[in-house]
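Structure first, commentary second.
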Amino acid sequence: MSELIPLIKELISTPGVSGFETEIAQLIVSKIENYVDEVKVDRLGNVLAQVQGKGAARVLVDAHMDEVGLIVKAIDDKGFIRFEVLGGIDNRVLPAQRVIIHTRKGKIKGSIGVIPPHFTTGKERDRVIPAENLFIDIGASSREEAMEAGVRVVDPITLHRGLDELLGSRICGKAFDDRIGCLVVIECIKRLKDQEIAADLLYSFTVEEERGLRGATVSAYSLKPEMAFPIDTTGAADFPGVKPYTTTIELGKGPVIRAVDVRFVSDRQPRELLIETAEKMNIPYQLAVAMGSTDGAAVQLSREGVATCPLCVPLRYTHSPVEVVDLRDVENTIKLLTETLKTIT
Ligand SMILES: [Zn+2]
């Protein structure tokens, strides 16, 4: 078993739906506080940390803490929970999922109910059910019973999935986007401890990336970096059904130097630094045009501009409860990031 797995399990099982990141923020603070000079949680809930170097440059490493999830919208009179989606979860993956509602009184488990084939016509079964028609069954028989148990409107809801080891070095689970990025940054912080680094290293674990890069907008402003490496996952397109040339990214082929995505073009200096380091250290990498976006799009435009290039771990089935990554890519991302930070003078 990879030595990274226990921490990945801890990171994905700690809730942090966009806008509700308190628990995951506490966990991350506890993982890094012994390895940094300073750590704090800002007003929006971002975890910000710093390690003083020799003042060569202010370099930011960022990962978002939030995960896509759901939120309680209403409790009906039979005790079923109606919900809204927070972040880009596809309605196709929701029916028949197990979930956890995070209430004031603790965690309540439930399942997203699904009408059985016996009660539906063939045509109905072919249709995607809109989220507003879905509901969570927590075992309650009335609204009163659900409320008595602690459920309130606006309680966040996470998908309830553990981590499974697949063949080879691949693992499957939920919230790899971007807890795998958080893991990469935590490992980088640990591995750089007591190393002589010329740059002042700034770290942000941000809130609400999935709701429009909101946390990174303020974390970059307050940390004042000159250069930034946002660490995220990025969609691999190496499985059946994806249109050819959607992107060239594959699992197991190394970290992705995210040159361009739908909202962003990376800056030359950090991009070349990543490429040169990968080639010098013989670390496999993929230079790619990616789909989606990252905190990088917000960080780059902070203050007078920040030279930015995201570094990403290839991920299959993004924003679903069965995301898949290859641990070799995770290890190589940690290696490429730490080696690159060491080269900045
Ligand atoms: Zn992400």
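The way I read the labels, and the way they are meant: chains A, B, ... in the order of the structure tokens, residue 1 as the first residue of every chain, and ligand 1 as the first ligand shown, with later ones counted on from there.
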
Give me the residues within 8 Å of Ile101 of chain A as a count of residues only, counting only C-alpha atoms and dropping any in the same chain fewer than 6 places off.
-> 9

For chain A against ligand 1, with a cut-off of 10 Å and counting only C-alpha atoms and all ligand atoms, what is the closest atom pair and its distance in Å to one decimal for every residue that makes the cut, ordered by chain and number, as a tab-separated table?
```
residue	atom	partner	partner_atom_place_in_ligand_line	distance
A:Ala63	CA	ligand 1	1 (Zn)	8.0
A:His64	CA	ligand 1	1 (Zn)	6.6
A:Met65	CA	ligand 1	1 (Zn)	8.7
A:Asp66	CA	ligand 1	1 (Zn)	8.3
A:Glu67	CA	ligand 1	1 (Zn)	7.9
A:Val68	CA	ligand 1	1 (Zn)	9.1
A:Ala175	CA	ligand 1	1 (Zn)	8.9
A:Phe176	CA	ligand 1	1 (Zn)	8.4
A:Asp177	CA	ligand 1	1 (Zn)	4.6
A:Asp178	CA	ligand 1	1 (Zn)	4.7
A:Arg179	CA	ligand 1	1 (Zn)	8.5
A:Ile180	CA	ligand 1	1 (Zn)	9.3
A:Gly181	CA	ligand 1	1 (Zn)	8.0
A:Glu208	CA	ligand 1	1 (Zn)	10.0
A:Glu209	CA	ligand 1	1 (Zn)	7.0
A:Glu210	CA	ligand 1	1 (Zn)	6.9
A:Leu213	CA	ligand 1	1 (Zn)	9.7
A:Pro230	CA	ligand 1	1 (Zn)	9.9
A:Ile231	CA	ligand 1	1 (Zn)	8.5
A:Asp232	CA	ligand 1	1 (Zn)	5.2
A:Thr233	CA	ligand 1	1 (Zn)	5.6
A:Thr234	CA	ligand 1	1 (Zn)	7.3
A:Gly235	CA	ligand 1	1 (Zn)	9.7
A:Gly292	CA	ligand 1	1 (Zn)	8.8
A:Ser293	CA	ligand 1	1 (Zn)	7.8
A:Thr294	CA	ligand 1	1 (Zn)	6.2
A:Asp295	CA	ligand 1	1 (Zn)	8.1
A:Cys312	CA	ligand 1	1 (Zn)	9.2
A:Thr318	CA	ligand 1	1 (Zn)	8.6
A:His319	CA	ligand 1	1 (Zn)	8.7
```

Residue selection dump (N, CA and C atoms) as a compact mmCIF listing (two decimals), in the first residue's frame:
```
# COMPACT_ATOMS: atom_id res chain seq x y z
N ALA A 63 -4.05 25.18 -3.36
CA ALA A 63 -4.95 24.07 -3.71
C ALA A 63 -6.31 24.40 -3.10
N HIS A 64 -7.38 24.03 -3.78
CA HIS A 64 -8.69 24.34 -3.16
C HIS A 64 -9.14 23.20 -2.27
N MET A 65 -9.75 23.59 -1.13
CA MET A 65 -10.19 22.60 -0.13
C MET A 65 -11.61 22.14 -0.38
N ASP A 66 -12.38 22.97 -1.09
CA ASP A 66 -13.81 22.65 -1.18
C ASP A 66 -14.07 21.51 -2.15
N GLU A 67 -15.22 20.87 -1.96
CA GLU A 67 -15.63 19.77 -2.84
C GLU A 67 -17.05 20.05 -3.33
N VAL A 68 -17.39 19.49 -4.48
CA VAL A 68 -18.77 19.62 -4.95
C VAL A 68 -19.66 18.81 -4.01
N ALA A 175 -14.22 13.34 -4.15
CA ALA A 175 -13.51 14.57 -3.72
C ALA A 175 -12.01 14.55 -3.96
N PHE A 176 -11.55 13.66 -4.84
CA PHE A 176 -10.13 13.73 -5.22
C PHE A 176 -9.85 15.13 -5.78
N ASP A 177 -10.84 15.71 -6.45
CA ASP A 177 -10.79 17.12 -6.87
C ASP A 177 -11.29 17.95 -5.69
N ASP A 178 -10.51 18.59 -4.85
CA ASP A 178 -9.09 18.73 -5.06
C ASP A 178 -8.33 18.29 -3.80
N ARG A 179 -8.86 17.28 -3.10
CA ARG A 179 -8.14 16.83 -1.90
C ARG A 179 -6.82 16.20 -2.29
N ILE A 180 -6.73 15.66 -3.51
CA ILE A 180 -5.44 15.16 -3.99
C ILE A 180 -4.47 16.34 -4.13
N GLY A 181 -4.97 17.48 -4.60
CA GLY A 181 -4.14 18.69 -4.67
C GLY A 181 -3.70 19.11 -3.28
N GLU A 208 -14.33 27.61 -1.82
CA GLU A 208 -15.25 27.98 -2.91
C GLU A 208 -14.63 28.10 -4.30
N GLU A 209 -13.66 27.25 -4.61
CA GLU A 209 -13.17 27.22 -6.00
C GLU A 209 -14.29 26.78 -6.91
N GLU A 210 -15.05 25.79 -6.46
CA GLU A 210 -16.10 25.20 -7.29
C GLU A 210 -17.28 26.15 -7.50
N LEU A 213 -14.04 30.32 -8.05
CA LEU A 213 -12.68 30.73 -7.65
C LEU A 213 -12.72 31.84 -6.61
N PRO A 230 -0.82 26.89 -8.85
CA PRO A 230 -2.03 26.24 -8.34
C PRO A 230 -1.97 24.74 -8.62
N ILE A 231 -2.29 23.95 -7.59
CA ILE A 231 -2.23 22.49 -7.73
C ILE A 231 -3.66 21.96 -7.71
N ASP A 232 -4.04 21.32 -8.81
CA ASP A 232 -5.42 20.84 -8.90
C ASP A 232 -5.41 19.50 -9.63
N THR A 233 -6.60 18.97 -9.82
CA THR A 233 -6.73 17.80 -10.68
C THR A 233 -7.21 18.29 -12.05
N THR A 234 -7.05 17.48 -13.06
CA THR A 234 -7.56 17.87 -14.38
C THR A 234 -8.06 16.64 -15.11
N GLY A 235 -9.12 16.82 -15.87
CA GLY A 235 -9.81 15.69 -16.50
C GLY A 235 -8.96 14.97 -17.54
N GLY A 292 -12.15 22.91 -18.34
CA GLY A 292 -12.42 23.46 -17.00
C GLY A 292 -11.47 24.59 -16.65
N SER A 293 -11.38 24.93 -15.36
CA SER A 293 -10.44 25.97 -14.94
C SER A 293 -9.97 25.68 -13.52
N THR A 294 -9.05 26.52 -13.02
CA THR A 294 -8.50 26.34 -11.67
C THR A 294 -8.43 27.70 -10.97
N ASP A 295 -8.03 27.67 -9.70
CA ASP A 295 -7.76 28.90 -8.96
C ASP A 295 -6.79 29.81 -9.72
N CYS A 312 -1.21 19.93 -12.45
CA CYS A 312 -2.41 19.15 -12.12
C CYS A 312 -2.16 17.64 -12.17
N THR A 318 -14.25 13.21 -13.19
CA THR A 318 -14.28 14.39 -12.30
C THR A 318 -15.69 14.72 -11.81
N HIS A 319 -15.76 15.11 -10.53
CA HIS A 319 -17.01 15.52 -9.85
C HIS A 319 -18.02 14.39 -9.71
```

Near segment 124-127 of chain A, 12 Å: segment 5-109 of chain A residue rows, closest pairs, only C-alpha atoms, as CSV:
```
residue,atom,partner,partner_atom,distance
A:Asn91,CA,A:Arg127,CA,10.8
A:Arg92,CA,A:Arg127,CA,9.3
A:Pro95,CA,A:Arg125,CA,11.8
```

Counting only C-alpha atoms, the residue of A:Gln97, A:Asn133, A:Ser141, A:Gln50 that sits nearest Phe80 of chain A | A:Ser141

Would you list, as number ranges by chain, the residues of segment 108-310 of chain A that end up in strand (DSSP E) under DSSP run on this structure's backbone?
-> A: 108-112, 136-137, 156-159, 164-165, 170-173, 200-206, 227-235, 256-261, 264-265, 286-289, 307-308

Please produce a file of the residues just selected, as a short mmCIF file (atom, residue, chain, number, x, y, z; two decimals), in the first residue's frame, where the atoms kept are N, CA and C atoms.
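What ended up in again09.cif:
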```cif
data_model
loop_
_atom_site.label_atom_id
_atom_site.label_comp_id
_atom_site.auth_asym_id
_atom_site.auth_seq_id
_atom_site.Cartn_x
_atom_site.Cartn_y
_atom_site.Cartn_z
N ILE A 108 -25.84 12.71 9.65
CA ILE A 108 -27.01 11.86 9.43
C ILE A 108 -26.86 11.23 8.05
N LYS A 109 -26.97 9.91 8.01
CA LYS A 109 -26.80 9.22 6.73
C LYS A 109 -28.13 9.11 6.00
N GLY A 110 -28.05 9.05 4.68
CA GLY A 110 -29.26 8.90 3.88
C GLY A 110 -28.92 8.38 2.50
N SER A 111 -29.96 8.11 1.72
CA SER A 111 -29.73 7.70 0.34
C SER A 111 -30.63 8.50 -0.58
N ILE A 112 -30.11 8.80 -1.76
CA ILE A 112 -30.92 9.50 -2.75
C ILE A 112 -31.81 8.45 -3.40
N ILE A 136 -33.74 12.88 -0.64
CA ILE A 136 -32.92 12.03 0.22
C ILE A 136 -33.81 11.39 1.28
N ASP A 137 -33.66 10.09 1.43
CA ASP A 137 -34.40 9.33 2.43
C ASP A 137 -33.47 9.11 3.62
N PRO A 156 -25.11 21.38 4.82
CA PRO A 156 -24.39 20.82 3.66
C PRO A 156 -24.46 19.29 3.63
N ILE A 157 -24.35 18.74 2.45
CA ILE A 157 -24.46 17.29 2.24
C ILE A 157 -23.29 16.83 1.38
N THR A 158 -22.60 15.77 1.84
CA THR A 158 -21.52 15.20 1.02
C THR A 158 -21.93 13.83 0.50
N LEU A 159 -21.31 13.42 -0.57
CA LEU A 159 -21.49 12.05 -1.06
C LEU A 159 -20.76 11.13 -0.08
N ASP A 164 -11.21 3.12 -2.55
CA ASP A 164 -10.93 1.75 -2.96
C ASP A 164 -9.64 1.71 -3.75
N GLU A 165 -8.82 0.70 -3.45
CA GLU A 165 -7.61 0.51 -4.26
C GLU A 165 -7.98 -0.34 -5.46
N ARG A 170 -3.69 2.50 -9.05
CA ARG A 170 -4.85 3.39 -9.18
C ARG A 170 -5.81 3.26 -8.00
N ILE A 171 -6.41 4.38 -7.63
CA ILE A 171 -7.37 4.39 -6.53
C ILE A 171 -8.64 5.10 -6.97
N CYS A 172 -9.76 4.77 -6.30
CA CYS A 172 -11.06 5.31 -6.66
C CYS A 172 -11.71 5.91 -5.42
N GLY A 173 -12.35 7.06 -5.56
CA GLY A 173 -13.03 7.67 -4.42
C GLY A 173 -13.70 8.97 -4.83
N ASP A 200 10.57 32.86 -0.71
CA ASP A 200 9.62 32.83 0.39
C ASP A 200 8.40 32.05 -0.11
N LEU A 201 8.06 30.99 0.59
CA LEU A 201 6.98 30.13 0.11
C LEU A 201 5.68 30.46 0.84
N LEU A 202 4.66 30.71 0.03
CA LEU A 202 3.34 31.06 0.55
C LEU A 202 2.39 29.92 0.16
N TYR A 203 1.51 29.57 1.05
CA TYR A 203 0.59 28.46 0.75
C TYR A 203 -0.84 28.90 1.01
N SER A 204 -1.74 28.54 0.09
CA SER A 204 -3.16 28.78 0.38
C SER A 204 -3.96 27.53 0.05
N PHE A 205 -4.84 27.20 0.98
CA PHE A 205 -5.83 26.13 0.77
C PHE A 205 -7.15 26.88 0.74
N THR A 206 -7.76 26.94 -0.43
CA THR A 206 -8.83 27.93 -0.61
C THR A 206 -10.24 27.35 -0.50
N MET A 227 4.80 34.88 -8.14
CA MET A 227 4.67 33.71 -9.01
C MET A 227 3.77 32.71 -8.29
N ALA A 228 3.02 31.89 -9.07
CA ALA A 228 2.11 30.95 -8.40
C ALA A 228 2.00 29.64 -9.16
N PHE A 229 1.86 28.57 -8.34
CA PHE A 229 1.61 27.23 -8.89
C PHE A 229 0.33 26.66 -8.24
N PRO A 230 -0.82 26.89 -8.85
CA PRO A 230 -2.03 26.24 -8.34
C PRO A 230 -1.97 24.74 -8.62
N ILE A 231 -2.29 23.95 -7.59
CA ILE A 231 -2.23 22.49 -7.73
C ILE A 231 -3.66 21.96 -7.71
N ASP A 232 -4.04 21.32 -8.81
CA ASP A 232 -5.42 20.84 -8.90
C ASP A 232 -5.41 19.50 -9.63
N THR A 233 -6.60 18.97 -9.82
CA THR A 233 -6.73 17.80 -10.68
C THR A 233 -7.21 18.29 -12.05
N THR A 234 -7.05 17.48 -13.06
CA THR A 234 -7.56 17.87 -14.38
C THR A 234 -8.06 16.64 -15.11
N GLY A 235 -9.12 16.82 -15.87
CA GLY A 235 -9.81 15.69 -16.50
C GLY A 235 -8.96 14.97 -17.54
N VAL A 256 0.33 17.13 -15.08
CA VAL A 256 -0.06 17.95 -16.23
C VAL A 256 0.37 19.39 -15.99
N ILE A 257 1.22 19.89 -16.86
CA ILE A 257 1.55 21.32 -16.85
C ILE A 257 0.46 21.98 -17.69
N ARG A 258 -0.41 22.68 -16.98
CA ARG A 258 -1.67 23.15 -17.57
C ARG A 258 -1.42 24.45 -18.32
N ALA A 259 -0.99 24.34 -19.57
CA ALA A 259 -0.58 25.52 -20.32
C ALA A 259 -1.76 26.44 -20.60
N VAL A 260 -2.90 25.84 -20.95
CA VAL A 260 -4.08 26.61 -21.34
C VAL A 260 -5.31 25.85 -20.86
N ASP A 261 -6.33 26.59 -20.39
CA ASP A 261 -7.62 25.94 -20.16
C ASP A 261 -8.73 26.87 -20.64
N PHE A 264 -8.01 30.53 -19.20
CA PHE A 264 -6.68 30.90 -18.73
C PHE A 264 -5.59 30.50 -19.72
N VAL A 265 -4.56 31.36 -19.83
CA VAL A 265 -3.31 30.97 -20.50
C VAL A 265 -2.20 31.14 -19.47
N GLN A 286 3.01 15.97 -18.73
CA GLN A 286 2.15 16.18 -19.89
C GLN A 286 1.89 17.68 -20.01
N LEU A 287 2.25 18.25 -21.14
CA LEU A 287 1.97 19.66 -21.40
C LEU A 287 0.63 19.67 -22.13
N ALA A 288 -0.35 20.39 -21.58
CA ALA A 288 -1.69 20.18 -22.15
C ALA A 288 -2.57 21.41 -22.18
N VAL A 289 -3.55 21.32 -23.08
CA VAL A 289 -4.70 22.23 -23.11
C VAL A 289 -5.79 21.47 -22.36
N ALA A 307 2.64 35.78 -12.15
CA ALA A 307 3.04 34.80 -13.17
C ALA A 307 2.62 33.41 -12.68
N THR A 308 1.70 32.79 -13.41
CA THR A 308 1.02 31.60 -12.88
C THR A 308 1.05 30.43 -13.86
#
```

All residues 12 Å or closer to Arg43 of chain A, only C-alpha atoms, same chain fewer than 3 positions away omitted, as a list in words |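 Once the adjacent positions are removed, what remains is Thr22, Lys40, Asn46, Val47, Leu48, Thr206, Val207, Gly215, Val218, Ser219 and Ser222 of chain A.
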
Selection to disk with C-alpha atoms, as a JSON list (two decimals), in the first residue's frame:
```json
[["chain", "number", "residue", "atom", "x", "y", "z"],
["A", 22, "THR", "CA", -14.53, 24.63, 8.43],
["A", 40, "LYS", "CA", -3.93, 31.29, 9.86],
["A", 46, "ASN", "CA", -8.98, 30.08, 3.47],
["A", 47, "VAL", "CA", -6.00, 28.47, 5.20],
["A", 48, "LEU", "CA", -2.95, 30.69, 4.59],
["A", 206, "THR", "CA", -8.83, 27.93, -0.61],
["A", 207, "VAL", "CA", -12.59, 27.91, -0.19],
["A", 215, "GLY", "CA", -11.48, 31.99, -2.05],
["A", 218, "VAL", "CA", -8.85, 37.07, -1.72],
["A", 219, "SER", "CA", -6.06, 34.68, -0.68],
["A", 222, "SER", "CA", -3.53, 39.05, 0.85]]
```

Counting only C-alpha atoms, which of A:Leu11, A:Asp62, A:Ala131, A:Gln269 gets nearest to Ile24 of chain A?
->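 Checking each candidate against Ile24 of chain A, we get A:Leu11 as the closest.
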
For Thr345 of chain A, the nearest of the candidates A:Glu33, A:Asp329, A:Glu23, A:Glu196, counting only C-alpha atoms |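 Closest to Thr345 of chain A of all the choices is A:Glu196.
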
Write out as a list in words the residues lying within 8 Å of segment 274-285 of chain A, counting only C-alpha atoms and excluding same-chain residues fewer than 6 positions away.
-> Lys253, Gly254, Pro255, Val256, Ile257, Asn332, Lys335, Leu336, Leu337, Glu339, Thr340 and Thr343 of chain A

Exercise: Ser13 of chain A partners within 9 Å, only C-alpha atoms, chain neighbours under 6 positions left out, as a list in words = His160, Arg161, Gly162, Leu163, Lys174 and Ala175 of chain A

Output N, CA and C atoms for every residue in that selection, as a PDB file, in the first residue's frame.
```pdb
ATOM      1  N   HIS A 160     -21.305   9.967   0.149  1.00  0.00           N
ATOM      2  CA  HIS A 160     -20.741   9.065   1.158  1.00  0.00           C
ATOM      3  C   HIS A 160     -20.012   7.932   0.437  1.00  0.00           C
ATOM      4  N   ARG A 161     -18.708   8.115   0.258  1.00  0.00           N
ATOM      5  CA  ARG A 161     -17.899   7.103  -0.421  1.00  0.00           C
ATOM      6  C   ARG A 161     -16.537   7.016   0.220  1.00  0.00           C
ATOM      7  N   GLY A 162     -16.016   5.827   0.378  1.00  0.00           N
ATOM      8  CA  GLY A 162     -14.660   5.654   0.883  1.00  0.00           C
ATOM      9  C   GLY A 162     -13.678   5.562  -0.270  1.00  0.00           C
ATOM     10  N   LEU A 163     -12.490   5.070   0.046  1.00  0.00           N
ATOM     11  CA  LEU A 163     -11.454   4.923  -0.970  1.00  0.00           C
ATOM     12  C   LEU A 163     -11.274   3.442  -1.283  1.00  0.00           C
ATOM     13  N   LYS A 174     -14.214   9.705  -3.813  1.00  0.00           N
ATOM     14  CA  LYS A 174     -14.855  11.000  -4.107  1.00  0.00           C
ATOM     15  C   LYS A 174     -13.960  12.135  -3.638  1.00  0.00           C
ATOM     16  N   ALA A 175     -14.216  13.341  -4.155  1.00  0.00           N
ATOM     17  CA  ALA A 175     -13.515  14.567  -3.721  1.00  0.00           C
ATOM     18  C   ALA A 175     -12.005  14.548  -3.959  1.00  0.00           C
TER      19      ALA A 175
END
```

Between atom CA of His102 of chain A and atom CA of Gly150 of chain A, what is the spacing in Å?
->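 Value for the atom CA of Gly150 of chain A-atom CA of His102 of chain A distance: 9.0 Å.
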
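Of the listed residues A:Leu4, A:Ala140, A:Val184, A:Met291, the one whose atoms come nearest to Asp77 of chain A is A:Ala140, with distances taken using only C-alpha atoms.
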
If you run DSSP on the backbone, which residues of segment 100-168 of chain A are alpha helix (DSSP H), as a ChimeraX atom specification?
-> /A:122-126,143-149
